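Participant: File input-v9.txt follows (compact mmCIF, C-alpha atoms):
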```txt
# COMPACT_ATOMS: atom_id res chain seq x y z
CA MET A 1 44.19 77.90 63.28
CA LYS A 2 46.46 74.84 63.80
CA LYS A 3 49.44 77.18 64.24
CA ILE A 4 47.55 79.15 66.92
CA ILE A 5 46.69 75.96 68.88
CA THR A 6 50.29 74.70 68.62
CA ALA A 7 51.68 78.02 69.86
CA PHE A 8 49.16 77.98 72.72
CA PHE A 9 50.31 74.60 74.05
CA LEU A 10 54.00 75.44 73.56
CA CYS A 11 53.41 78.52 75.70
CA LEU A 12 51.90 76.34 78.43
CA LEU A 13 54.92 74.03 78.35
CA SER A 14 57.28 76.98 78.74
CA ILE A 15 55.29 78.19 81.76
CA SER A 16 55.45 74.76 83.40
CA ASN A 17 59.24 74.61 82.95
CA ALA A 18 59.75 78.10 84.34
CA GLN A 19 57.74 77.68 87.52
CA GLU A 20 57.58 75.21 90.37
CA VAL A 21 54.53 73.09 89.65
CA ASN A 22 52.33 73.26 92.72
CA ASP A 23 48.74 72.46 91.79
CA TRP A 24 47.75 71.96 88.16
CA GLN A 25 44.10 71.36 87.27
CA VAL A 26 43.08 69.95 83.90
CA GLY A 27 39.41 69.59 83.07
CA PHE A 28 36.56 70.20 80.68
CA ASN A 29 33.62 72.59 80.74
CA VAL A 30 30.17 73.10 79.20
CA ASN A 31 28.88 76.64 78.73
CA PRO A 32 25.20 77.29 77.79
CA PHE A 33 24.67 81.03 77.31
CA MET A 34 22.49 83.80 75.92
CA PHE A 35 24.09 85.54 72.95
CA THR A 36 23.45 88.95 71.44
CA ARG A 37 25.19 91.34 69.06
CA LEU A 38 25.21 94.86 70.49
CA ASN A 39 25.00 97.77 68.06
CA SER A 40 23.95 101.26 69.17
CA ASN A 41 23.60 102.49 65.58
CA PHE A 42 20.93 100.01 64.55
CA SER A 43 17.22 99.97 65.51
CA TYR A 44 15.49 96.59 65.44
CA GLU A 45 13.21 94.30 67.41
CA ARG A 46 14.57 91.00 68.61
CA GLY A 47 12.75 87.93 67.42
CA LYS A 48 11.89 84.96 69.57
CA GLN A 49 15.26 83.54 70.54
CA ASN A 50 16.17 79.98 71.37
CA PHE A 51 16.86 79.49 75.07
CA PRO A 52 19.75 79.33 75.36
CA ASN A 53 20.83 80.51 71.93
CA GLY A 54 24.47 79.60 72.47
CA LEU A 55 26.45 76.55 73.61
CA GLY A 56 30.16 76.07 74.17
CA PHE A 57 32.45 73.34 75.42
CA GLY A 58 36.18 72.86 75.77
CA LEU A 59 39.24 72.05 77.84
CA THR A 60 40.48 74.04 80.84
CA ILE A 61 43.92 74.34 82.46
CA GLU A 62 44.39 76.00 85.84
CA LYS A 63 47.44 76.70 87.99
CA ASN A 64 47.50 77.95 91.59
CA TRP A 65 50.57 79.67 92.98
CA ASN A 66 49.09 79.97 96.49
CA GLU A 67 45.80 79.27 98.28
CA HIS A 68 44.13 82.46 96.96
CA TRP A 69 45.56 83.29 93.53
CA GLY A 70 45.90 81.40 90.28
CA ILE A 71 45.49 81.52 86.50
CA LYS A 72 43.08 79.78 84.16
CA THR A 73 43.19 79.22 80.40
CA GLY A 74 41.99 76.63 77.89
CA PHE A 75 40.54 76.09 74.46
CA GLU A 76 36.81 76.28 73.62
CA THR A 77 34.47 76.07 70.66
CA THR A 78 31.05 77.75 70.65
CA LYS A 79 27.96 77.90 68.46
CA GLN A 80 25.49 80.80 68.75
CA ASN A 81 22.41 82.12 66.98
CA GLU A 82 20.54 85.44 66.90
CA LYS A 83 17.15 86.29 65.39
CA TYR A 84 15.67 89.76 64.98
CA PHE A 85 13.03 91.69 63.07
CA PHE A 86 12.93 95.19 61.60
CA ASP A 87 10.53 97.00 59.33
CA TRP A 88 12.66 98.20 56.42
CA LEU A 89 10.57 99.89 53.70
CA ASN A 90 7.48 98.09 55.06
CA SER A 91 8.89 94.74 53.96
CA ASN A 92 8.70 92.78 57.28
CA THR A 93 12.38 91.86 57.26
CA THR A 94 13.68 89.08 59.50
CA THR A 95 17.29 88.00 60.01
CA ASN A 96 18.67 84.72 61.35
CA SER A 97 22.41 84.58 62.01
CA ASN A 98 24.59 81.64 63.12
CA PHE A 99 28.22 81.83 64.21
CA GLU A 100 30.87 79.32 65.29
CA TYR A 101 34.01 80.47 67.11
CA TYR A 102 37.23 78.98 68.47
CA LYS A 103 38.26 80.77 71.68
CA ILE A 104 41.29 80.96 73.99
CA PRO A 105 40.57 82.71 77.31
CA PHE A 106 43.22 83.71 79.84
CA THR A 107 42.10 84.87 83.29
CA VAL A 108 43.45 85.55 86.76
CA GLN A 109 41.60 83.67 89.54
CA PHE A 110 40.96 84.62 93.14
CA TYR A 111 39.84 81.95 95.61
CA TYR A 112 37.98 82.70 98.85
CA PRO A 113 37.33 79.75 101.19
CA ILE A 114 33.73 79.45 102.39
CA LYS A 115 34.06 76.18 104.23
CA GLU A 116 36.07 72.99 103.95
CA LYS A 117 36.38 71.93 100.29
CA LEU A 118 34.22 74.79 99.02
CA TYR A 119 35.49 78.06 97.54
CA LEU A 120 34.06 81.25 96.09
CA ILE A 121 35.96 82.02 92.86
CA PHE A 122 36.37 85.23 90.85
CA ASN A 123 37.87 85.30 87.34
CA GLN A 124 38.77 88.25 85.14
CA GLY A 125 40.87 88.38 82.01
CA ILE A 126 41.11 88.57 78.23
CA GLN A 127 40.01 86.33 75.37
CA TYR A 128 40.98 85.69 71.75
CA SER A 129 38.24 84.45 69.38
CA ASN A 130 38.65 83.04 65.87
CA LEU A 131 35.60 82.88 63.59
CA LYS A 132 35.25 79.34 62.24
CA TYR A 133 31.93 79.64 60.35
CA PHE A 134 29.00 82.01 59.89
CA LYS A 135 25.68 82.00 58.06
CA THR A 136 23.10 84.80 57.85
CA VAL A 137 19.68 84.58 56.20
CA ILE A 138 17.77 87.83 55.51
CA LYS A 139 14.15 87.36 54.46
CA ASP A 140 11.36 89.82 53.64
CA ASP A 141 8.15 89.82 51.62
CA TYR A 142 10.01 89.88 48.31
CA GLN A 143 13.28 87.99 48.65
CA MET A 144 15.57 85.79 50.73
CA ILE A 145 19.30 86.49 50.81
CA THR A 146 21.82 84.06 52.30
CA TYR A 147 25.52 84.67 52.82
CA SER A 148 27.90 82.41 54.69
CA SER A 149 31.51 81.29 54.93
CA ASN A 150 31.24 79.15 51.82
CA TYR A 151 28.38 80.37 49.62
CA GLY A 152 25.93 83.17 48.83
CA GLU A 153 22.40 82.94 47.45
CA SER A 154 19.59 85.31 46.42
CA ILE A 155 16.01 84.08 45.88
CA PHE A 156 13.38 86.47 44.51
CA PHE A 157 9.82 85.31 45.16
CA GLU A 158 8.14 87.35 42.41
CA HIS A 159 10.94 87.05 39.85
CA PRO A 160 12.55 83.59 40.21
CA GLU A 161 14.40 84.07 36.93
CA GLN A 162 16.70 86.47 38.81
CA ASN A 163 17.71 83.88 41.41
CA ASN A 164 21.45 83.38 41.72
CA GLN A 165 24.00 81.49 43.78
CA SER A 166 27.76 81.82 44.10
CA ASN A 167 30.37 79.75 45.89
CA GLY A 168 33.33 81.11 47.77
CA ASP A 169 34.48 82.45 51.11
CA PHE A 170 32.36 85.51 51.91
CA GLN A 171 33.89 85.87 55.37
CA ASP A 172 36.47 88.37 54.15
CA ASN A 173 33.64 90.60 52.88
CA PHE A 174 31.32 90.57 55.90
CA GLN A 175 32.87 89.33 59.16
CA LYS A 176 36.13 89.84 61.03
CA LYS A 177 37.99 86.60 61.65
CA ASP A 178 40.05 87.58 64.73
CA LEU A 179 38.41 89.19 67.76
CA PHE A 180 39.76 90.28 71.15
CA GLY A 181 37.68 90.90 74.25
CA ILE A 182 37.27 90.55 78.00
CA ILE A 183 35.89 87.64 80.00
CA GLY A 184 34.95 87.25 83.66
CA SER A 185 33.02 84.99 86.02
CA ILE A 186 31.97 84.43 89.61
CA GLY A 187 31.03 81.08 91.08
CA PHE A 188 31.86 78.15 93.32
CA LYS A 189 34.37 75.31 93.32
CA GLY A 190 33.94 72.21 95.45
CA PHE A 191 35.67 68.83 95.76
CA LEU A 192 34.16 65.44 95.01
CA THR A 193 37.40 63.70 96.00
CA ASN A 194 40.92 64.85 96.85
CA LYS A 195 41.77 64.83 93.14
CA ILE A 196 38.50 65.76 91.43
CA SER A 197 36.70 69.10 91.77
CA TYR A 198 33.61 70.65 90.19
CA SER A 199 32.82 74.28 89.39
CA THR A 200 29.73 76.35 88.65
CA ASN A 201 30.16 79.91 87.41
CA LEU A 202 28.09 82.79 86.08
CA ARG A 203 30.18 83.98 83.13
CA TYR A 204 30.16 86.97 80.79
CA GLU A 205 32.10 87.71 77.58
CA TYR A 206 32.34 90.96 75.63
CA ASP A 207 34.29 91.30 72.38
CA LEU A 208 35.97 94.69 72.22
CA THR A 209 36.78 94.20 68.53
CA ASP A 210 34.08 95.20 66.04
CA ALA A 211 32.74 91.85 64.76
CA ASP A 212 31.57 93.15 61.34
CA LYS A 213 33.49 94.53 58.38
CA ILE A 214 30.47 96.29 56.91
CA PRO A 215 27.57 98.33 58.35
CA TYR A 216 25.14 96.01 60.13
CA HIS A 217 23.51 94.26 57.15
CA TYR A 218 23.45 97.54 55.20
CA PHE A 219 20.65 99.04 57.31
CA GLU A 220 22.51 101.16 59.88
CA LYS A 221 21.92 104.84 60.44
CA ASN A 222 25.51 105.65 59.51
CA GLY A 223 28.50 104.01 57.87
CA ASN A 224 30.10 102.60 61.02
CA SER A 225 29.67 98.97 62.01
CA ASN A 226 30.31 99.10 65.78
CA THR A 227 28.97 95.59 66.45
CA HIS A 228 30.16 93.73 69.54
CA ASN A 229 29.40 90.15 70.62
CA PHE A 230 28.09 89.69 74.16
CA ARG A 231 27.50 86.40 76.00
CA LEU A 232 26.06 85.72 79.45
CA GLY A 233 25.62 82.20 80.76
CA LEU A 234 26.71 79.34 83.00
CA GLU A 235 30.04 77.56 82.99
CA LEU A 236 29.89 74.02 84.39
CA GLY A 237 33.12 72.09 84.77
CA LEU A 238 35.02 69.15 86.22
CA GLN A 239 38.73 69.28 87.03
CA TYR A 240 41.43 66.77 87.89
CA HIS A 241 44.13 68.00 90.31
CA PHE A 242 47.72 66.82 90.21
CA SER A 243 51.09 68.00 91.42
CA LEU A 244 54.61 67.16 90.29
CA LYS A 245 56.06 68.03 93.70
CA ASN A 246 55.50 64.46 94.89
CA TYR A 247 56.91 62.79 91.77
CA ARG A 248 60.25 60.99 91.93
CA PHE A 249 62.09 59.86 88.86
CA ASP A 250 64.07 56.95 90.33
CA LYS A 251 62.96 53.31 90.49
CA ARG A 252 63.13 52.86 94.27
CA PRO A 253 59.83 52.04 96.00
CA HIS A 254 58.28 55.12 97.52
CA LYS A 255 54.96 56.57 98.57
CA LEU A 256 53.43 59.56 96.83
```
For the file at hand, write its structure as structure tokens.
Facilitator:
Amino acid sequence: MKKIITAFFLCLLSISNAQEVNDWQVGFNVNPFMFTRLNSNFSYERGKQNFPNGLGFGLTIEKNWNEHWGIKTGFETTKQNEKYFFDWLNSNTTTNSNFEYYKIPFTVQFYYPIKEKLYLIFNQGIQYSNLKYFKTVIKDDYQMITYSSNYGESIFFEHPEQNNQSNGDFQDNFQKKDLFGIIGSIGFKGFLTNKISYSTNLRYEYDLTDADKIPYHYFEKNGNSNTHNFRLGLELGLQYHFSLKNYRFDKRPHKL
């Protein structure tokens, strides 16, 4: 993951050297969202979810090449949870899954001025996600099974002598580490000062890559996984604006 982050920032540096820097924006964002795993091959009832059941935060970098068009990227980390219920062999099975991802989005932005210092903003692009950690607990009337990134455990309520636990990385067996998807948003950007802006966006994410390596917890109707992560929530951010066009690299007194 360190190599991915390093390559990401080297790419940004190459962009800045290749283009005339006009209006860079560096900021941070918070992203509470509702999370679900979509799977058309699997019948289940959703349990009572947390609200929201996902939270992300990260850094953002934006660049405008004119008053209407720009690009936006950054680095984020998210945590999300999903609970659901299904009646498998009349055993009242419940599942609780937790996931943590690193994400790098890249979108094209369109700005539409509404009034002075207030813009309507559209974003659409692609996103890379890297699975950092996962944990799933499956529980029914007879047993509780846990598998995660670093251990697995089986507890049998009626036959505790069969309980077992094993250490190791189970990610390679159950979940895909690298996902690719689409991301988009619509919202507003306003200015608190000439250098500081704020943004509020309604944002969606959909991972095109199948998130699972196995059929959905063994209970699907067929052998295909076909599970896709979906997120819908708010993106709240603050940005600092700066431009290198006014910078001079000599020591004579001057005004910016």
Participant: Just the residues within 7 Å of A:Pro105, please, counting all atoms listed in the file, with nothing from its chain fewer than 6 positions along; format it as a PDB file with C-alpha atoms, keeping the file's coordinate frame.
Facilitator:
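What follows is the written file result_5.pdb:
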```pdb
ATOM      1  CA  THR A  73      43.190  79.220  80.400  1.00  0.00           C
ATOM      2  CA  GLY A  74      41.990  76.630  77.890  1.00  0.00           C
ATOM      3  CA  ILE A 126      41.110  88.570  78.230  1.00  0.00           C
ATOM      4  CA  GLN A 127      40.010  86.330  75.370  1.00  0.00           C
ATOM      5  CA  TYR A 128      40.980  85.690  71.750  1.00  0.00           C
TER       6      TYR A 128
END
```
Participant: Could you tell me how far atom CA of A:Asp178 sits from atom CA of A:Gln109, in Å to one decimal place?
Facilitator: 25.2 Å
Participant: When distances are computed from all atoms listed in the file, which of A:Asn92, A:Tyr84, A:Glu76, A:Ile114 shows the smallest separation from A:Asn130?
Facilitator: A:Glu76
Participant: Applying 10 Å and all atoms listed in the file, which residues near A:Leu118 remain after dropping the ones on its own chain fewer than 6 positions away? List them as a PyMOL selection string.
Facilitator: chain A and resi 111-112+188-191+197-199
Participant: Have a look at atom CA of A:Arg37 and atom CA of A:Ala211 and let me know their distance in Å, one decimal.
Facilitator: 8.7 Å
Participant: For stretch 70-141 of chain A versus stretch 225-230 of chain A, which residues have an atom no more than 12 Å away, and what is each residue's nearest atom pair and distance in Å rounded to one decimal, using all atoms listed in the file, chain-then-number order, as CSV?
Facilitator:
```
residue,atom,partner,partner_atom,distance
A:Gln80,CA,A:Asn229,CA,10.3
A:Asn81,CA,A:Asn229,CA,11.3
A:Glu82,CA,A:Asn229,CA,10.7
A:Phe99,CA,A:Asn229,CA,10.6
A:Tyr101,CA,A:Asn229,CA,11.3
A:Ser129,CA,A:Asn229,CA,10.6
A:Leu131,CA,A:Asn229,CA,11.9
```
Participant: Have a look at A:Leu179, A:Leu208, A:Met144, A:Val26 and name the one nearest to A:Lys103; count all atoms listed in the file.
Facilitator: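 Ranked by minimum distance to A:Lys103, first place goes to A:Leu179.
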Participant: Can you work out the spacing between atom CA of A:Gly56 and atom CA of A:Pro32 in Å, to one decimal?
Facilitator: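 Separation between atom CA of A:Gly56 and atom CA of A:Pro32: 6.3 Å.
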Participant: With distances taken over only C-alpha atoms, which of A:Tyr240, A:Phe75, A:Tyr147, A:Phe134 is nearest to A:Lys177?
Facilitator: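 Ranked by minimum distance to A:Lys177, first place goes to A:Phe134.
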Participant: Can you work out which one of A:Gln25, A:Asn201, A:Val30, A:Leu38 has the shortest atom-to-atom distance to A:Glu62, counting all atoms listed in the file?
Facilitator: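 For A:Glu62, the nearest of the candidates is A:Gln25.
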Participant: For a quick check of understanding, using only C-alpha atoms, which of A:Phe242, A:Phe28, A:Phe35, A:Phe85 has the smallest distance to A:Asn98?
Facilitator: A:Phe35
